[in-house]
$ cat structure_34.tsv   # TSV, C-alpha atoms and all ligand atoms
chain	number	residue	atom	x	y	z
C	372	MET	CA	0.00	0.00	0.00
C	373	PRO	CA	1.56	3.39	-0.90
C	374	THR	CA	2.03	6.09	1.73
C	375	ARG	CA	0.55	9.59	1.47
C	376	ASP	CA	4.00	10.94	0.53
C	377	GLN	CA	4.41	8.36	-2.21
C	378	ILE	CA	1.02	9.35	-3.62
C	379	LEU	CA	1.95	13.03	-3.48
C	380	GLU	CA	5.19	12.26	-5.29
C	381	ALA	CA	3.29	10.33	-7.98
C	382	LEU	CA	0.84	13.21	-8.41
C	383	LYS	CA	3.68	15.54	-9.43
C	384	VAL	CA	3.27	14.26	-12.99
C	385	VAL	CA	-0.18	15.85	-13.19
C	386	ILE	CA	0.38	19.28	-14.68
C	387	ASP	CA	-2.09	22.14	-14.76
C	388	PRO	CA	-1.90	22.99	-18.48
C	389	GLU	CA	-2.71	26.64	-17.85
C	390	LEU	CA	-0.37	27.27	-14.94
C	391	HIS	CA	2.30	24.90	-16.30
C	392	LYS	CA	3.07	23.46	-12.88
C	393	ASP	CA	2.12	20.27	-11.16
C	394	ILE	CA	-0.91	20.14	-8.90
C	395	VAL	CA	1.17	19.27	-5.82
C	396	THR	CA	3.40	22.34	-6.17
C	397	LEU	CA	0.31	24.43	-6.83
C	398	GLY	CA	-1.27	23.19	-3.60
C	399	MET	CA	-4.29	21.87	-5.47
C	400	VAL	CA	-4.31	18.45	-3.79
C	401	ARG	CA	-6.82	19.07	-1.03
C	402	SER	CA	-6.90	15.60	0.53
C	403	ILE	CA	-5.73	12.02	0.15
C	404	ASP	CA	-7.49	9.14	1.89
C	405	ILE	CA	-6.09	5.64	1.71
C	406	ALA	CA	-8.47	2.83	2.65
C	407	GLU	CA	-7.25	-0.56	3.91
C	408	THR	CA	-8.66	-2.15	0.77
C	409	GLY	CA	-6.13	-0.18	-1.30
C	410	ALA	CA	-8.76	2.28	-2.58
C	411	VAL	CA	-7.42	5.83	-2.73
C	412	ASN	CA	-9.62	8.95	-2.67
C	413	VAL	CA	-8.00	12.14	-3.91
C	414	THR	CA	-9.67	15.54	-3.81
C	415	VAL	CA	-8.34	18.16	-6.20
C	416	SER	CA	-9.14	21.84	-5.71
C	417	LEU	CA	-9.92	23.71	-8.90
C	418	THR	CA	-9.48	27.41	-9.53
C	419	THR	CA	-13.06	27.71	-10.84
C	420	PRO	CA	-16.07	25.40	-10.41
C	421	GLY	CA	-16.64	24.96	-14.16
C	422	CYS	CA	-12.95	24.37	-14.86
C	423	PRO	CA	-12.78	23.10	-18.47
C	424	ILE	CA	-9.77	20.90	-17.72
C	425	LYS	CA	-11.46	18.87	-15.00
C	426	GLY	CA	-11.37	15.77	-17.24
C	427	HIS	CA	-7.64	16.25	-17.72
C	428	PHE	CA	-7.10	16.19	-13.92
C	429	GLN	CA	-9.49	13.26	-13.51
C	430	SER	CA	-7.56	11.02	-15.92
C	431	GLY	CA	-4.13	12.36	-14.87
C	432	VAL	CA	-4.71	11.67	-11.15
C	433	THR	CA	-6.32	8.29	-11.83
C	434	ASN	CA	-3.45	7.12	-14.04
C	435	ALA	CA	-0.74	8.41	-11.68
C	436	VAL	CA	-2.17	6.80	-8.55
C	437	ASN	CA	-3.24	3.59	-10.28
C	438	ALA	CA	0.35	2.99	-11.32
C	439	LEU	CA	1.40	2.62	-7.65
C	440	GLU	CA	1.71	-0.85	-6.23
C	441	GLY	CA	-1.09	-1.92	-3.91
C	442	VAL	CA	-3.68	0.53	-5.24
C	443	THR	CA	-6.95	-1.23	-6.06
C	444	ALA	CA	-9.15	1.73	-6.99
C	445	VAL	CA	-8.87	5.50	-7.40
C	446	ASN	CA	-11.68	7.97	-6.80
C	447	VAL	CA	-11.13	11.57	-7.76
C	448	GLY	CA	-13.27	14.29	-6.20
C	449	PHE	CA	-13.20	18.03	-6.82
C	450	ASP	CA	-13.79	21.19	-4.85
C	451	VAL	CA	-12.86	24.81	-5.47
C	452	LEU	CA	-10.04	26.92	-3.99
C	453	THR	CA	-11.29	29.63	-1.66
C	454	ASP	CA	-10.60	33.26	-2.60
C	455	ALA	CA	-7.87	33.44	0.04
C	456	GLU	CA	-6.27	30.26	-1.36
C	457	LYS	CA	-6.41	31.66	-4.89
C	458	GLN	CA	-4.71	34.87	-3.75
C	459	GLY	CA	-2.06	32.79	-2.00
C	460	LEU	CA	-1.52	30.79	-5.19
C	461	GLN	CA	-1.06	33.95	-7.23
C	462	ARG	CA	1.41	35.31	-4.71
C	463	THR	CA	3.36	32.06	-4.88
C	464	LEU	CA	3.38	32.07	-8.65
C	465	GLY	CA	4.50	35.68	-9.01
C	466	ARG	CA	6.21	36.79	-12.19
C	467	ASN	CA	9.04	34.32	-12.47
C	468	SER	CA	6.72	31.39	-12.12
C	469	GLY	CA	6.56	29.72	-15.47
C	470	LEU	CA	3.15	31.28	-16.01
C	471	PRO	CA	2.61	31.75	-19.72
C	472	ALA	CA	2.98	35.45	-20.39
C	473	GLY	CA	0.84	35.09	-23.47
C	474	ALA	CA	3.60	33.68	-25.72
C	475	LEU	CA	1.11	31.38	-27.40
C	476	ALA	CA	-1.82	33.70	-27.06
C	477	GLN	CA	-1.78	34.54	-30.75
C	478	VAL	CA	-1.31	30.98	-32.03
C	479	ALA	CA	-4.47	29.68	-33.65
C	480	ASN	CA	-3.64	26.01	-34.25
C	481	VAL	CA	-1.04	23.74	-32.69
C	482	VAL	CA	-0.41	20.54	-34.64
C	483	CYS	CA	1.90	17.86	-33.24
C	484	VAL	CA	3.46	15.78	-36.01
C	485	GLY	CA	4.32	12.34	-34.68
C	486	SER	CA	5.14	8.86	-35.86
C	487	GLY	CA	5.58	5.48	-34.32
C	488	LYS	CA	8.76	4.49	-36.10
C	489	GLY	CA	11.78	6.70	-36.74
C	490	GLY	CA	12.88	7.56	-40.26
C	491	VAL	CA	9.43	7.67	-41.86
C	492	GLY	CA	9.97	11.27	-42.98
C	493	LYS	CA	8.26	13.11	-40.13
C	494	SER	CA	10.76	16.00	-40.09
C	495	THR	CA	10.85	16.27	-43.88
C	496	LEU	CA	7.08	16.50	-43.96
C	497	THR	CA	6.94	18.98	-41.07
C	498	VAL	CA	9.33	21.36	-42.84
C	499	ASN	CA	7.62	21.06	-46.22
C	500	LEU	CA	4.14	21.22	-44.74
C	501	ALA	CA	5.18	24.46	-43.03
C	502	ALA	CA	6.43	25.81	-46.38
C	503	ALA	CA	3.19	24.71	-48.07
C	504	LEU	CA	1.06	26.42	-45.40
C	505	HIS	CA	3.20	29.54	-45.83
C	506	ALA	CA	2.59	29.37	-49.60
C	507	GLU	CA	-1.15	29.31	-48.84
C	508	GLY	CA	-0.72	32.65	-47.05
C	509	LYS	CA	-0.57	31.28	-43.51
C	510	LYS	CA	1.76	32.44	-40.75
C	511	VAL	CA	3.67	29.38	-39.63
C	512	GLY	CA	6.09	28.36	-36.90
C	513	VAL	CA	7.92	25.09	-36.37
C	514	LEU	CA	8.98	23.84	-32.96
C	515	ASP	CA	11.47	21.02	-33.29
C	516	ALA	CA	10.88	18.94	-30.18
C	517	ASP	CA	12.68	15.90	-31.57
C	518	VAL	CA	15.27	16.15	-28.82
C	519	TRP	CA	17.17	13.04	-29.80
C	520	GLY	CA	17.17	13.48	-33.55
C	521	TYR	CA	16.66	17.18	-34.20
C	522	SER	CA	17.08	17.71	-37.93
C	523	ILE	CA	14.91	20.75	-38.59
C	524	PRO	CA	17.78	23.30	-38.37
C	525	ARG	CA	19.70	21.41	-41.05
C	526	MET	CA	16.62	20.94	-43.26
C	527	LEU	CA	15.92	24.68	-43.15
C	528	GLY	CA	19.53	25.78	-43.63
C	529	LEU	CA	19.81	27.06	-40.06
C	530	GLY	CA	22.45	24.66	-38.76
C	531	GLY	CA	24.93	26.22	-36.33
C	532	GLN	CA	22.82	29.35	-35.75
C	533	ARG	CA	21.56	30.66	-32.44
C	534	PRO	CA	18.51	32.72	-31.60
C	535	SER	CA	18.83	36.01	-29.75
C	536	VAL	CA	16.67	37.50	-27.01
C	537	ASN	CA	14.64	40.71	-27.20
C	538	ALA	CA	14.30	43.52	-24.67
C	539	GLU	CA	11.53	41.58	-22.87
C	540	ARG	CA	13.95	38.67	-22.50
C	541	LYS	CA	11.94	36.52	-24.91
C	542	ILE	CA	13.73	34.19	-27.30
C	543	LEU	CA	13.32	35.31	-30.93
C	544	PRO	CA	12.73	32.40	-33.30
C	545	LEU	CA	15.03	32.18	-36.31
C	546	GLU	CA	13.38	32.49	-39.69
C	547	SER	CA	13.83	30.54	-42.91
C	548	HIS	CA	11.64	30.68	-46.03
C	549	GLY	CA	9.06	32.65	-44.07
C	550	ILE	CA	8.84	30.01	-41.32
C	551	LYS	CA	9.65	30.83	-37.68
C	552	VAL	CA	11.78	28.09	-36.17
C	553	ILE	CA	12.89	27.01	-32.73
C	554	SER	CA	14.84	23.81	-32.22
C	555	ILE	CA	16.52	22.28	-29.25
C	556	GLY	CA	19.45	21.95	-31.67
C	557	PHE	CA	19.99	25.75	-31.59
C	558	PHE	CA	20.98	25.50	-27.95
C	559	LEU	CA	23.40	22.59	-28.12
C	560	LYS	CA	26.88	22.28	-29.55
C	561	GLU	CA	26.97	20.35	-32.79
C	562	ASP	CA	26.85	16.59	-32.19
C	563	GLU	CA	26.57	17.15	-28.46
C	564	ALA	CA	24.93	14.16	-26.83
C	565	VAL	CA	22.51	15.09	-24.09
C	566	VAL	CA	20.82	12.71	-21.74
C	567	TRP	CA	17.43	14.32	-21.34
C	568	ARG	CA	15.88	13.42	-18.05
C	569	GLY	CA	12.15	13.98	-17.56
C	570	PRO	CA	12.22	17.22	-15.53
C	571	MET	CA	14.92	18.81	-17.72
C	572	LEU	CA	12.99	17.99	-20.85
C	573	HIS	CA	9.83	19.31	-19.33
C	574	LYS	CA	11.54	22.57	-18.42
C	575	ALA	CA	13.05	23.03	-21.87
C	576	LEU	CA	9.76	22.41	-23.64
C	577	THR	CA	7.89	24.67	-21.23
C	578	GLN	CA	10.38	27.42	-22.00
C	579	PHE	CA	9.97	26.93	-25.74
C	580	LEU	CA	6.26	27.43	-25.32
C	581	ASP	CA	6.34	30.23	-22.76
C	582	ASP	CA	9.48	32.20	-23.45
C	583	VAL	CA	9.63	32.26	-27.24
C	584	ALA	CA	8.21	35.33	-28.95
C	585	TRP	CA	6.14	33.35	-31.46
C	586	GLY	CA	3.87	36.30	-32.20
C	587	GLU	CA	0.84	35.79	-34.38
C	588	LEU	CA	0.73	32.36	-36.02
C	589	ASP	CA	-1.97	30.46	-37.88
C	590	TYR	CA	-0.09	27.21	-37.32
C	591	LEU	CA	2.56	26.02	-34.93
C	592	LEU	CA	3.80	22.62	-36.11
C	593	ILE	CA	5.61	20.58	-33.48
C	594	ASP	CA	7.98	17.88	-34.71
C	595	LEU	CA	7.81	15.18	-32.03
C	596	PRO	CA	10.42	12.50	-31.49
C	597	PRO	CA	9.32	9.10	-32.78
C	598	GLY	CA	7.52	6.81	-30.39
C	599	THR	CA	5.40	7.36	-27.36
C	600	GLY	CA	7.79	8.99	-24.92
C	601	ASP	CA	8.13	11.80	-22.41
C	602	VAL	CA	7.99	14.66	-24.93
C	603	SER	CA	4.58	13.72	-26.23
C	604	MET	CA	3.29	13.30	-22.70
C	605	THR	CA	4.66	16.67	-21.60
C	606	LEU	CA	3.31	18.49	-24.63
C	607	SER	CA	-0.09	16.93	-24.31
C	608	GLN	CA	-0.23	18.19	-20.74
C	609	LEU	CA	1.03	21.65	-21.61
C	610	LEU	CA	-1.14	21.96	-24.70
C	611	PRO	CA	-4.34	19.98	-24.30
C	612	GLN	CA	-5.79	21.90	-27.27
C	613	ALA	CA	-3.16	20.61	-29.70
C	614	THR	CA	-4.09	18.07	-32.34
C	615	PHE	CA	-1.99	15.15	-33.43
C	616	MET	CA	-1.11	14.26	-37.02
C	617	ILE	CA	0.42	10.85	-37.57
C	618	VAL	CA	2.97	10.14	-40.29
C	619	THR	CA	3.31	6.56	-41.42
C	620	THR	CA	4.59	4.67	-44.44
C	621	PRO	CA	2.42	2.24	-46.43
C	622	GLN	CA	4.21	-0.67	-44.76
C	623	ASP	CA	2.16	-2.89	-42.51
C	624	VAL	CA	4.80	-2.84	-39.77
C	625	ALA	CA	5.11	0.98	-39.74
C	626	GLN	CA	1.38	1.34	-39.55
C	627	LYS	CA	1.28	-1.06	-36.59
C	628	VAL	CA	3.84	1.02	-34.71
C	629	ALA	CA	2.04	4.22	-35.66
C	630	ARG	CA	-1.11	2.75	-34.15
C	631	ARG	CA	0.68	2.52	-30.79
C	632	SER	CA	1.53	6.19	-31.06
C	633	ALA	CA	-2.13	6.88	-31.73
C	634	GLN	CA	-3.14	4.90	-28.67
C	635	MET	CA	-0.77	6.99	-26.56
C	636	ALA	CA	-2.23	10.22	-27.95
C	637	ASP	CA	-5.67	8.94	-27.14
C	638	LYS	CA	-4.64	8.02	-23.60
C	639	VAL	CA	-3.45	11.53	-22.84
C	640	ASN	CA	-6.53	13.04	-24.50
C	641	LEU	CA	-4.72	14.52	-27.49
C	642	GLU	CA	-7.10	14.71	-30.42
C	643	ILE	CA	-5.82	12.74	-33.40
C	644	SER	CA	-6.77	14.81	-36.40
C	645	ALA	CA	-5.28	13.11	-39.43
C	646	VAL	CA	-2.91	10.59	-40.97
C	647	VAL	CA	-0.37	11.35	-43.69
C	648	GLU	CA	1.28	8.55	-45.62
C	649	ASN	CA	4.85	9.13	-46.75
C	650	MET	CA	7.08	7.16	-49.09
C	651	SER	CA	3.99	6.07	-51.02
C	652	GLY	CA	5.80	4.43	-53.90
C	653	PHE	CA	8.18	5.69	-56.54
C	654	THR	CA	7.31	6.60	-60.11
C	655	ALA	CA	10.22	6.18	-62.52
C	656	PRO	CA	10.79	8.76	-65.28
C	657	GLY	CA	9.26	6.28	-67.76
C	658	GLY	CA	6.00	6.28	-65.74
C	659	ASP	CA	6.33	2.84	-64.10
C	660	HIS	CA	5.16	2.91	-60.48
C	661	TYR	CA	6.96	0.90	-57.80
C	662	PRO	CA	5.25	0.49	-54.42
C	663	ILE	CA	8.59	0.16	-52.63
C	664	PHE	CA	7.15	0.15	-49.10
C	665	GLY	CA	3.94	-1.63	-50.01
C	666	GLU	CA	0.52	-0.07	-50.29
C	667	GLY	CA	-2.49	0.85	-48.21
C	668	GLY	CA	-0.98	1.35	-44.72
C	669	GLY	CA	-2.00	5.00	-44.43
C	670	GLN	CA	-5.59	4.37	-45.45
C	671	THR	CA	-5.91	1.39	-43.11
C	672	LEU	CA	-4.63	3.42	-40.16
C	673	ALA	CA	-6.85	6.40	-41.03
C	674	ASP	CA	-9.92	4.13	-41.28
C	675	GLU	CA	-9.06	2.51	-37.99
C	676	LEU	CA	-8.70	5.88	-36.24
C	677	ASP	CA	-11.68	7.30	-38.09
C	678	VAL	CA	-9.72	10.35	-39.27
C	679	PRO	CA	-8.96	11.55	-42.80
C	680	LEU	CA	-5.90	10.43	-44.76
C	681	LEU	CA	-4.77	13.92	-45.72
C	682	GLY	CA	-2.07	12.98	-48.18
C	683	GLN	CA	0.07	10.29	-49.79
C	684	VAL	CA	3.52	11.62	-50.48
C	685	PRO	CA	5.59	9.65	-53.00
C	686	LEU	CA	9.31	9.06	-52.83
C	687	THR	CA	11.16	11.56	-54.98
C	688	MET	CA	14.85	12.36	-55.17
C	689	PRO	CA	14.37	16.15	-55.04
C	690	LEU	CA	12.53	15.90	-51.70
C	691	ARG	CA	15.52	14.15	-50.14
C	692	ALA	CA	18.12	16.26	-51.91
C	693	HIS	CA	16.52	19.59	-50.95
C	694	ALA	CA	16.15	18.50	-47.33
C	695	ASP	CA	19.87	17.73	-47.34
C	696	ALA	CA	20.58	21.12	-48.89
C	697	GLY	CA	18.53	22.96	-46.26
C	698	ILE	CA	15.75	24.15	-48.59
C	699	PRO	CA	12.12	23.02	-48.40
C	700	LEU	CA	11.33	21.53	-51.80
C	701	VAL	CA	7.81	22.98	-51.73
C	702	ALA	CA	9.29	26.50	-51.67
C	703	VAL	CA	11.39	26.06	-54.82
C	704	ASP	CA	9.79	23.28	-56.91
C	705	PRO	CA	6.09	23.15	-56.09
C	706	ASP	CA	5.43	20.97	-59.16
C	707	ASP	CA	7.50	18.00	-57.99
C	708	ALA	CA	5.15	15.06	-57.28
C	709	ALA	CA	6.06	14.96	-53.57
C	710	ALA	CA	5.71	18.74	-53.29
C	711	GLN	CA	2.28	18.57	-54.91
C	712	ALA	CA	1.15	15.89	-52.46
C	713	ILE	CA	2.39	17.97	-49.52
C	714	ARG	CA	0.59	21.05	-50.82
C	715	HIS	CA	-2.56	18.95	-51.08
C	716	THR	CA	-2.02	17.85	-47.46
C	717	ALA	CA	-1.61	21.47	-46.34
C	718	ARG	CA	-4.86	22.47	-48.04
C	719	GLY	CA	-6.58	19.55	-46.29
C	720	LEU	CA	-5.21	20.73	-42.96
C	721	ILE	CA	-6.50	24.25	-43.60
C	722	ALA	CA	-9.92	22.89	-44.50
C	723	MET	CA	-10.01	21.05	-41.17
C	724	ALA	CA	-9.02	24.00	-39.00
C	725	PRO	CA	-11.68	25.44	-36.75
C	726	ALA	CA	-13.23	28.60	-38.15
C	727	LYS	CA	-12.23	30.52	-35.05
C	728	PRO	CA	-8.78	30.39	-33.48
C	729	VAL	CA	-8.54	28.02	-30.56
C	730	SER	CA	-7.83	30.09	-27.49
C	731	LEU	CA	-4.68	28.93	-25.77
C	732	PRO	CA	-4.04	29.72	-22.14
C	733	VAL	CA	-3.37	33.37	-21.38
C	734	LEU	CA	-3.20	34.35	-17.75
C	735	GLU	CA	-2.95	37.68	-16.10
C	736	VAL	CA	0.38	37.71	-14.30
C	737	VAL	CA	0.25	39.38	-10.92
C	738	GLN	CA	3.64	40.93	-10.31
C	739	THR	CA	4.69	40.64	-6.70
C	740	GLY	CA	8.38	41.45	-6.94
C	741	PRO	CA	10.93	43.09	-9.21
C	742	PRO	CA	11.15	41.66	-12.77
C	743	GLN	CA	13.35	38.62	-12.91
C	744	PRO	CA	15.11	36.96	-15.83
C	745	VAL	CA	13.56	33.88	-17.41
C	746	GLY	CA	14.01	30.66	-15.48
C	747	MET	CA	16.22	28.47	-17.60
C	748	SER	CA	19.69	29.26	-18.77
C	749	LEU	CA	19.82	28.15	-22.37
C	750	PRO	CA	22.87	29.65	-24.10
C	751	MET	CA	21.84	32.38	-26.51
C	752	ALA	CA	23.34	34.99	-28.79
C	753	GLY	CA	22.60	38.70	-28.41
C	801	LIG	N1	9.00	11.16	-49.69
C	801	LIG	C1	10.33	11.10	-49.60
C	801	LIG	N2	11.08	10.95	-50.71
C	801	LIG	C2	12.43	10.84	-50.63
C	801	LIG	N3	13.13	10.91	-49.50
C	801	LIG	C3	12.42	11.08	-48.36
C	801	LIG	C4	11.01	11.19	-48.34
C	801	LIG	N4	10.61	11.38	-47.07
C	801	LIG	C5	11.72	11.39	-46.32
C	801	LIG	N5	12.81	11.20	-47.08
C	801	LIG	C6	14.21	11.10	-46.62
C	801	LIG	O1	14.24	10.05	-45.66
C	801	LIG	C7	15.14	10.38	-44.60
C	801	LIG	C8	14.42	10.34	-43.27
C	801	LIG	O2	13.51	11.41	-43.21
C	801	LIG	P1	13.28	12.27	-41.90
C	801	LIG	O3	14.58	12.64	-41.25
C	801	LIG	O4	12.35	13.36	-42.27
C	801	LIG	O5	12.54	11.18	-41.02
C	801	LIG	P2	12.03	11.30	-39.50
C	801	LIG	O6	10.84	10.43	-39.43
C	801	LIG	O7	11.89	12.70	-39.10
C	801	LIG	O8	13.27	10.65	-38.77
C	801	LIG	P3	13.59	10.69	-37.20
C	801	LIG	O9	12.71	9.65	-36.64
C	801	LIG	O10	15.05	10.31	-37.17
C	801	LIG	O11	13.32	12.05	-36.69
C	801	LIG	C9	15.73	11.75	-44.93
C	801	LIG	O12	16.94	11.56	-45.60
C	801	LIG	C10	14.70	12.35	-45.90
C	801	LIG	O13	15.28	13.26	-46.81
$ encode --input "structure_34.tsv" --output "structure tokens" --more "lines below"
Ligand SMILES: Nc1ncnc2c1ncn2[C@@H]1O[C@H](COP(=O)(O)OP(=O)(O)OP(=O)(O)O)[C@@H](O)[C@H]1O
Amino acid sequence: MPTRDQILEALKVVIDPELHKDIVTLGMVRSIDIAETGAVNVTVSLTTPGCPIKGHFQSGVTNAVNALEGVTAVNVGFDVLTDAEKQGLQRTLGRNSGLPAGALAQVANVVCVGSGKGGVGKSTLTVNLAAALHAEGKKVGVLDADVWGYSIPRMLGLGGQRPSVNAERKILPLESHGIKVISIGFFLKEDEAVVWRGPMLHKALTQFLDDVAWGELDYLLIDLPPGTGDVSMTLSQLLPQATFMIVTTPQDVAQKVARRSAQMADKVNLEISAVVENMSGFTAPGGDHYPIFGEGGGQTLADELDVPLLGQVPLTMPLRAHADAGIPLVAVDPDDAAAQAIRHTARGLIAMAPAKPVSLPVLEVVQTGPPQPVGMSLPMAG
């Protein structure tokens, strides 16, 4: 049977997506009762009675406590913080709290691009999809959260560059082909191997969302690492409004792994919005078509998830060569077959977007002390 302290420790993974801190640190865990049967009752105090993220806390607390040995059942109850408690919370948070100072306030759509397997072309598609959205007149940003295999800087010709900070101490994204870009790679020395532990990763991603001057964007595309790991979990907690686009190849095995990724997204309540199939065959100059990685995987996965298959992107040499050269193919050769398929995908994505921008968390920051520099010390130019 776990102790109260062990339960509190476990609950530190439940993040308030608006305040960007865990519910234990925020003092939102009102009570914990452990019955002899192993049933655990947890009461969480919300900031408002009709809190829209109640379901997020319900599943987060249930999953966290259920994972502890000896727990047979979890019941989650809710009450509301008193006015005095809310004031106390705001005093605790203060200015240097990790509260979002509206960095994402002007971002209409956040789309996480994920895959099950590595090497299916997720980063290539993210970069070119961004260029295609830009060509459609959209304001686009790319956040490269593929911490282990960041390749976006290279694919956009930004390798070796570093962002600067503005007078408000916000990180300014770099820009390439009209796309605003932030990558974990900008803050590391070339080929530096970093062992990202959970809290460090969480802090870095939080900073990329809170402390980057993204400005007004129609789309923020987030390139996730392959698989079902910590990054996806963190982002889903920080951005419950984000949608998830899955890249797969036509291969049966890739589609099976992608399905696992979809299950993870579903578990953490991320809405899966679409599937894109990449490497959908090769057409030789003579017109013969070769289904190198098989056929039908994208459609099968999309049918299974009941979401649209937004595009089938063929293998073409220019797509690979331009990615290597740091130029999105879509920006320079929109008639290439792969570029055309990606442009079609972008138009599909636009057609799916909600008519009104999704409102992302913006909180009034109550300043209780002198301004302080941002929390994390990522090395920056300027
Ligand atoms: N449709 C395509 N046609 C030709 N080459 C492609 C295509 N899609 C991707 N590639 C190439 O395949 C390789 C892998 O692509 P990419 O790095 O985008 O995959 P990824 O899924 O992001 O990989 P990782 O899991 O390592 O992040 C790259 O060399 C890329 O240029």
$ residues_around --input "structure_34.tsv" --residues "C:Asp517" --least-positions-apart "4" --cutoff "7 Å" --atoms "all atoms listed in the file" --output "PDB file with C-alpha atoms, in the coordinates of the input"
ATOM      1  CA  TYR C 521      16.660  17.180 -34.200  1.00  0.00           C
ATOM      2  CA  ASP C 594       7.980  17.880 -34.710  1.00  0.00           C
ATOM      3  CA  LEU C 595       7.810  15.180 -32.030  1.00  0.00           C
ATOM      4  CA  PRO C 596      10.420  12.500 -31.490  1.00  0.00           C
TER       5      PRO C 596
END
$ axis_aligned_box --input "structure_34.tsv" --around "ligand LIG 801 (chain C)" --padding-each-side "5 Å" --output "JSON"
{"center_x": 13.0, "center_y": 11.5, "center_z": -43.7, "size_x": 17.9, "size_y": 13.7, "size_z": 24.1}
$ atom_distance --input "structure_34.tsv" --atom1 "atom CA of C:Phe449" --atom2 "atom CA of C:Glu642"
24.6 Å
$ residues_near_ligand --input "structure_34.tsv" --ligand "ligand LIG 801 (chain C)" --cutoff "8 Å" --atoms "all atoms listed in the file" --output "PyMOL selection string"
chain C and resi 486+488-497+517+519-522+594-597+618+649-651+684-695+709
$ residues_around --input "structure_34.tsv" --residues "stretch 578-593 of chain C" --least-positions-apart "5" --cutoff "7 Å" --atoms "only C-alpha atoms" --output "MDAnalysis selection string"
chainID C and resid 471:472 474:475 477:484 497 509:516 541:544
$ atom_distance --input "structure_34.tsv" --atom1 "atom CA of C:His427" --atom2 "atom CA of C:Asp601"
17.0 Å
$ residues_around --input "structure_34.tsv" --residues "C:His548" --least-positions-apart "5" --cutoff "10 Å" --atoms "all atoms listed in the file" --output "list in words"
Ala501, Ala502, His505, Ala506, Leu527, Gly528, Ile698, Pro699, Ala702 and Val703 of chain C
$ residues_around --input "structure_34.tsv" --residues "C:Val518" --least-positions-apart "6" --cutoff "10 Å" --atoms "only C-alpha atoms" --output "PyMOL selection string"
chain C and resi 554-556+565-567+572+576+594-596+602
$ closest_residue --input "structure_34.tsv" --among "C:Ala633, C:Val384, C:Ile643, C:Leu559" --to "C:Thr614" --atoms "all atoms listed in the file"
C:Ile643
$ atom_distance --input "structure_34.tsv" --atom1 "atom CA of C:Leu379" --atom2 "atom CA of C:Ser603"
22.9 Å
$ closest_residue --input "structure_34.tsv" --among "C:Val385, C:Val624, C:Ala410, C:Leu504" --to "C:Ala722" --atoms "all atoms listed in the file"
C:Leu504
